[in-house]
Amino acid sequence: MDPITIRRAVPTDAPALTSLMLASSAYEGTYASILEGYRVTPDYVARHRVFLAEDPQGAPLGFSSLLCDPPELDLAFVADEAQGSGVGRRLITHMLNEARAAGFSGVRVVSHPPSEGFYRAMGAHRTGTLPPSPPKVTWERPELWFTIEDPALTPPVPAPSG
């Protein structure tokens with residue numbers, strides 16, 4: 001895949017973010033109800049740290065949003081055609097760097113159940129399970145936590161000897 005860029009979303013990106021989210025095949029069937037009627041609004045984009053991944057032509061490939069009080073990954077979506085290309089990894093790494101820059105010690109994630117493995121592979125650990133919240137959410141959701149390491153407190157990795 002061509003190089004991607006990640007930029008801060010602006011309110012006028014809201015319709016494209018909503019379209020990308022609603023087109024996600026990850027939320028078909030059992031999980032479709034959570035997105036029914038949901039829209040990413042211009043106000044949401046203006047109030048939160050929303051970042052958009054784009055291809056070289058400016059087409060949206062995915063986005064994430066970081067809430068700050070308390071720190072939580074609220075939304076993270078990757079376009080179906082970009083799945084497996086590293087876009088999600090780049091977005092989560094970017095979000096964690098934003099959280100670190102903001103001075104957060106960690107970020108909470110309430111995960112879509114099939115996405116738990118991805119977040120764990122990115123370094124999150126499971127802290128619990130949230131019960132269903134009918135009528136939109138009829139399944140349990142994994143609750144995870146990304147711990148943000150303070151680079152000033154992390155000892156340098158020694159160079160390999162030999």
# chains A, B, ... in the order shown; residues from 1 in each chain; ligands from 1
>>> residues_around(residues="segment 50-57 of chain A", least_positions_apart="3", cutoff="6 Å", atoms="only C-alpha atoms", output="ChimeraX atom specification")
/A:4-9,45,60-65
>>> write_last_selection(atoms="all heavy atoms", output="compact mmCIF listing (two decimals), in the first residue's frame")
# COMPACT_ATOMS: atom_id res chain seq x y z
N ILE A 4 0.73 6.37 3.88
CA ILE A 4 -0.45 7.07 4.38
C ILE A 4 0.00 8.24 5.24
O ILE A 4 1.12 8.27 5.73
CB ILE A 4 -1.37 6.15 5.20
CG1 ILE A 4 -0.69 5.68 6.49
CG2 ILE A 4 -1.85 4.97 4.38
CD1 ILE A 4 -1.64 5.07 7.49
N THR A 5 -0.89 9.18 5.40
CA THR A 5 -0.65 10.29 6.30
C THR A 5 -1.75 10.27 7.36
O THR A 5 -2.86 9.80 7.11
CB THR A 5 -0.66 11.65 5.58
OG1 THR A 5 -1.92 11.82 4.92
CG2 THR A 5 0.45 11.75 4.57
N ILE A 6 -1.40 10.75 8.53
CA ILE A 6 -2.38 10.91 9.60
C ILE A 6 -2.41 12.38 9.94
O ILE A 6 -1.36 12.98 10.20
CB ILE A 6 -2.02 10.05 10.83
CG1 ILE A 6 -2.05 8.57 10.45
CG2 ILE A 6 -2.98 10.34 11.98
CD1 ILE A 6 -1.65 7.63 11.56
N ARG A 7 -3.59 12.93 9.92
CA ARG A 7 -3.75 14.35 10.23
C ARG A 7 -4.92 14.54 11.17
O ARG A 7 -5.79 13.69 11.29
CB ARG A 7 -3.96 15.16 8.96
CG ARG A 7 -5.27 14.86 8.25
CD ARG A 7 -5.56 15.88 7.15
NE ARG A 7 -6.73 15.54 6.38
CZ ARG A 7 -7.98 15.85 6.72
NH1 ARG A 7 -8.23 16.49 7.86
NH2 ARG A 7 -9.00 15.52 5.94
N ARG A 8 -4.92 15.68 11.84
CA ARG A 8 -6.04 16.03 12.71
C ARG A 8 -7.26 16.24 11.83
O ARG A 8 -7.20 16.97 10.84
CB ARG A 8 -5.70 17.31 13.49
CG ARG A 8 -6.74 17.75 14.49
CD ARG A 8 -6.58 16.98 15.78
NE ARG A 8 -7.58 17.34 16.77
CZ ARG A 8 -7.30 17.98 17.89
NH1 ARG A 8 -6.08 18.35 18.18
NH2 ARG A 8 -8.27 18.23 18.75
N ALA A 9 -8.35 15.59 12.16
CA ALA A 9 -9.59 15.77 11.41
C ALA A 9 -10.16 17.16 11.72
O ALA A 9 -9.92 17.72 12.80
CB ALA A 9 -10.60 14.69 11.77
N VAL A 45 -16.03 16.25 16.23
CA VAL A 45 -14.67 16.39 15.68
C VAL A 45 -13.98 17.62 16.28
O VAL A 45 -12.80 17.58 16.61
CB VAL A 45 -14.70 16.46 14.14
CG1 VAL A 45 -13.32 16.76 13.58
CG2 VAL A 45 -15.25 15.16 13.56
N PRO A 60 -10.01 8.74 2.69
CA PRO A 60 -9.94 8.27 4.08
C PRO A 60 -9.76 6.76 4.15
O PRO A 60 -10.44 6.00 3.48
CB PRO A 60 -11.27 8.69 4.68
CG PRO A 60 -12.17 9.00 3.55
CD PRO A 60 -11.33 9.27 2.35
N LEU A 61 -8.81 6.34 5.00
CA LEU A 61 -8.53 4.92 5.21
C LEU A 61 -8.94 4.47 6.60
O LEU A 61 -9.15 3.28 6.84
CB LEU A 61 -7.04 4.64 5.02
CG LEU A 61 -6.47 4.93 3.65
CD1 LEU A 61 -4.95 4.76 3.66
CD2 LEU A 61 -7.12 4.02 2.61
N GLY A 62 -9.04 5.40 7.53
CA GLY A 62 -9.42 5.08 8.89
C GLY A 62 -9.35 6.31 9.76
O GLY A 62 -8.88 7.35 9.33
N PHE A 63 -9.84 6.17 10.99
CA PHE A 63 -9.75 7.29 11.93
C PHE A 63 -9.82 6.76 13.35
O PHE A 63 -10.25 5.63 13.60
CB PHE A 63 -10.84 8.33 11.67
CG PHE A 63 -12.24 7.92 12.07
CD1 PHE A 63 -12.76 8.29 13.30
CD2 PHE A 63 -13.03 7.17 11.22
CE1 PHE A 63 -14.05 7.93 13.67
CE2 PHE A 63 -14.32 6.80 11.58
CZ PHE A 63 -14.83 7.17 12.80
N SER A 64 -9.36 7.59 14.26
CA SER A 64 -9.47 7.29 15.69
C SER A 64 -9.80 8.58 16.42
O SER A 64 -9.53 9.67 15.93
CB SER A 64 -8.17 6.70 16.23
OG SER A 64 -7.14 7.66 16.21
N SER A 65 -10.41 8.42 17.59
CA SER A 65 -10.69 9.60 18.41
C SER A 65 -10.32 9.29 19.86
O SER A 65 -10.64 8.24 20.39
CB SER A 65 -12.14 10.03 18.30
OG SER A 65 -13.01 9.06 18.80
>>> residues_around(residues="Thr41 of chain A", least_positions_apart="5", cutoff="12 Å", atoms="only C-alpha atoms", output="ChimeraX atom specification")
/A:9-19,46-48,50
>>> write_last_selection(atoms="N, CA, C and O atoms", output="PDB file, in the first residue's frame")
ATOM      1  N   ALA A   9      -8.352  15.592  12.164  1.00  0.00           N
ATOM      2  CA  ALA A   9      -9.589  15.774  11.412  1.00  0.00           C
ATOM      3  C   ALA A   9     -10.158  17.157  11.724  1.00  0.00           C
ATOM      4  O   ALA A   9      -9.922  17.724  12.795  1.00  0.00           O
ATOM      5  N   VAL A  10     -10.899  17.683  10.783  1.00  0.00           N
ATOM      6  CA  VAL A  10     -11.578  18.966  10.946  1.00  0.00           C
ATOM      7  C   VAL A  10     -13.081  18.700  10.840  1.00  0.00           C
ATOM      8  O   VAL A  10     -13.508  17.661  10.308  1.00  0.00           O
ATOM      9  N   PRO A  11     -13.897  19.618  11.350  1.00  0.00           N
ATOM     10  CA  PRO A  11     -15.345  19.385  11.342  1.00  0.00           C
ATOM     11  C   PRO A  11     -15.927  19.005   9.977  1.00  0.00           C
ATOM     12  O   PRO A  11     -16.851  18.191   9.910  1.00  0.00           O
ATOM     13  N   THR A  12     -15.373  19.535   8.906  1.00  0.00           N
ATOM     14  CA  THR A  12     -15.908  19.186   7.581  1.00  0.00           C
ATOM     15  C   THR A  12     -15.609  17.742   7.185  1.00  0.00           C
ATOM     16  O   THR A  12     -16.173  17.239   6.212  1.00  0.00           O
ATOM     17  N   ASP A  13     -14.746  17.043   7.935  1.00  0.00           N
ATOM     18  CA  ASP A  13     -14.480  15.625   7.685  1.00  0.00           C
ATOM     19  C   ASP A  13     -15.572  14.723   8.262  1.00  0.00           C
ATOM     20  O   ASP A  13     -15.609  13.524   7.963  1.00  0.00           O
ATOM     21  N   ALA A  14     -16.443  15.261   9.090  1.00  0.00           N
ATOM     22  CA  ALA A  14     -17.429  14.441   9.801  1.00  0.00           C
ATOM     23  C   ALA A  14     -18.244  13.531   8.873  1.00  0.00           C
ATOM     24  O   ALA A  14     -18.395  12.345   9.179  1.00  0.00           O
ATOM     25  N   PRO A  15     -18.772  13.995   7.741  1.00  0.00           N
ATOM     26  CA  PRO A  15     -19.539  13.073   6.887  1.00  0.00           C
ATOM     27  C   PRO A  15     -18.695  11.905   6.359  1.00  0.00           C
ATOM     28  O   PRO A  15     -19.183  10.768   6.312  1.00  0.00           O
ATOM     29  N   ALA A  16     -17.451  12.147   6.002  1.00  0.00           N
ATOM     30  CA  ALA A  16     -16.585  11.061   5.512  1.00  0.00           C
ATOM     31  C   ALA A  16     -16.284  10.066   6.630  1.00  0.00           C
ATOM     32  O   ALA A  16     -16.236   8.853   6.390  1.00  0.00           O
ATOM     33  N   LEU A  17     -16.089  10.555   7.856  1.00  0.00           N
ATOM     34  CA  LEU A  17     -15.832   9.667   8.992  1.00  0.00           C
ATOM     35  C   LEU A  17     -17.066   8.805   9.274  1.00  0.00           C
ATOM     36  O   LEU A  17     -16.948   7.598   9.511  1.00  0.00           O
ATOM     37  N   THR A  18     -18.235   9.421   9.219  1.00  0.00           N
ATOM     38  CA  THR A  18     -19.475   8.675   9.429  1.00  0.00           C
ATOM     39  C   THR A  18     -19.646   7.612   8.354  1.00  0.00           C
ATOM     40  O   THR A  18     -19.974   6.457   8.660  1.00  0.00           O
ATOM     41  N   SER A  19     -19.400   7.958   7.104  1.00  0.00           N
ATOM     42  CA  SER A  19     -19.530   6.989   6.013  1.00  0.00           C
ATOM     43  C   SER A  19     -18.578   5.815   6.194  1.00  0.00           C
ATOM     44  O   SER A  19     -18.965   4.653   6.014  1.00  0.00           O
ATOM     45  N   ALA A  46     -14.724  18.693  16.455  1.00  0.00           N
ATOM     46  CA  ALA A  46     -14.145  19.922  17.015  1.00  0.00           C
ATOM     47  C   ALA A  46     -13.778  19.764  18.485  1.00  0.00           C
ATOM     48  O   ALA A  46     -12.792  20.343  18.947  1.00  0.00           O
ATOM     49  N   ARG A  47     -14.545  18.960  19.242  1.00  0.00           N
ATOM     50  CA  ARG A  47     -14.339  18.836  20.685  1.00  0.00           C
ATOM     51  C   ARG A  47     -13.305  17.788  21.092  1.00  0.00           C
ATOM     52  O   ARG A  47     -12.796  17.831  22.209  1.00  0.00           O
ATOM     53  N   HIS A  48     -13.014  16.834  20.212  1.00  0.00           N
ATOM     54  CA  HIS A  48     -12.143  15.726  20.593  1.00  0.00           C
ATOM     55  C   HIS A  48     -10.929  15.624  19.675  1.00  0.00           C
ATOM     56  O   HIS A  48     -10.881  16.257  18.627  1.00  0.00           O
ATOM     57  N   VAL A  50      -9.546  13.883  17.129  1.00  0.00           N
ATOM     58  CA  VAL A  50      -9.907  12.939  16.081  1.00  0.00           C
ATOM     59  C   VAL A  50      -8.834  13.027  14.998  1.00  0.00           C
ATOM     60  O   VAL A  50      -8.509  14.122  14.527  1.00  0.00           O
TER      61      VAL A  50
END
>>> closest_residue(among="A:Pro135, A:Glu143, A:Gly86, A:Pro114", to="Glu28 of chain A", atoms="only C-alpha atoms")
A:Pro114
>>> select_by_dssp(residues="segment 2-156 of chain A", states="strand (DSSP E)", output="JSON, numbers by chain")
{"A": [5, 6, 7, 8, 49, 50, 51, 52, 53, 54, 60, 61, 62, 63, 64, 65, 66, 67, 68, 71, 72, 73, 74, 75, 76, 77, 78, 106, 107, 108, 109, 110, 125, 126, 127, 128, 129, 130, 141, 142, 143, 144, 145, 146, 147]}
>>> write_last_selection(atoms="C-alpha atoms", output="mmCIF file, in the first residue's frame")
data_model
loop_
_atom_site.group_PDB
_atom_site.id
_atom_site.type_symbol
_atom_site.label_atom_id
_atom_site.label_comp_id
_atom_site.auth_asym_id
_atom_site.auth_seq_id
_atom_site.Cartn_x
_atom_site.Cartn_y
_atom_site.Cartn_z
ATOM 1 C CA THR A 5 -0.654 10.285 6.305
ATOM 2 C CA ILE A 6 -2.380 10.907 9.599
ATOM 3 C CA ARG A 7 -3.749 14.351 10.231
ATOM 4 C CA ARG A 8 -6.042 16.034 12.711
ATOM 5 C CA ARG A 49 -8.766 14.596 19.289
ATOM 6 C CA VAL A 50 -9.907 12.939 16.081
ATOM 7 C CA PHE A 51 -7.254 11.819 13.612
ATOM 8 C CA LEU A 52 -7.777 10.707 10.043
ATOM 9 C CA ALA A 53 -5.536 8.348 8.066
ATOM 10 C CA GLU A 54 -5.518 9.106 4.331
ATOM 11 C CA PRO A 60 -9.940 8.267 4.077
ATOM 12 C CA LEU A 61 -8.529 4.919 5.212
ATOM 13 C CA GLY A 62 -9.416 5.076 8.890
ATOM 14 C CA PHE A 63 -9.749 7.285 11.926
ATOM 15 C CA SER A 64 -9.474 7.287 15.689
ATOM 16 C CA SER A 65 -10.685 9.597 18.414
ATOM 17 C CA LEU A 66 -9.164 10.152 21.816
ATOM 18 C CA LEU A 67 -11.295 11.547 24.615
ATOM 19 C CA CYS A 68 -9.283 13.391 27.229
ATOM 20 C CA PRO A 71 -8.462 9.393 28.586
ATOM 21 C CA GLU A 72 -10.294 6.893 26.395
ATOM 22 C CA LEU A 73 -10.100 5.656 22.831
ATOM 23 C CA ASP A 74 -13.686 6.368 21.831
ATOM 24 C CA LEU A 75 -13.755 5.415 18.157
ATOM 25 C CA ALA A 76 -11.345 3.547 15.900
ATOM 26 C CA PHE A 77 -12.270 2.373 12.417
ATOM 27 C CA VAL A 78 -10.302 1.196 9.404
ATOM 28 C CA GLY A 106 -2.852 5.414 30.161
ATOM 29 C CA VAL A 107 -5.855 5.139 27.862
ATOM 30 C CA ARG A 108 -9.010 3.090 28.404
ATOM 31 C CA VAL A 109 -10.574 1.100 25.569
ATOM 32 C CA VAL A 110 -14.018 -0.478 25.587
ATOM 33 C CA HIS A 125 -4.174 -5.480 28.712
ATOM 34 C CA ARG A 126 -7.648 -6.537 29.720
ATOM 35 C CA THR A 127 -8.988 -4.965 32.890
ATOM 36 C CA GLY A 128 -12.536 -6.288 32.875
ATOM 37 C CA THR A 129 -15.761 -6.844 31.006
ATOM 38 C CA LEU A 130 -18.653 -4.445 30.610
ATOM 39 C CA ARG A 141 -17.560 -5.807 25.861
ATOM 40 C CA PRO A 142 -13.922 -6.242 26.819
ATOM 41 C CA GLU A 143 -12.471 -3.338 28.781
ATOM 42 C CA LEU A 144 -8.765 -2.784 28.156
ATOM 43 C CA TRP A 145 -6.031 -0.397 29.219
ATOM 44 C CA PHE A 146 -2.985 0.933 27.401
ATOM 45 C CA THR A 147 -0.284 1.951 29.868
#
>>> closest_residue(among="A:Ser85, A:Ser111, A:Thr93, A:Ser133", to="Pro3 of chain A", atoms="only C-alpha atoms")
A:Ser85
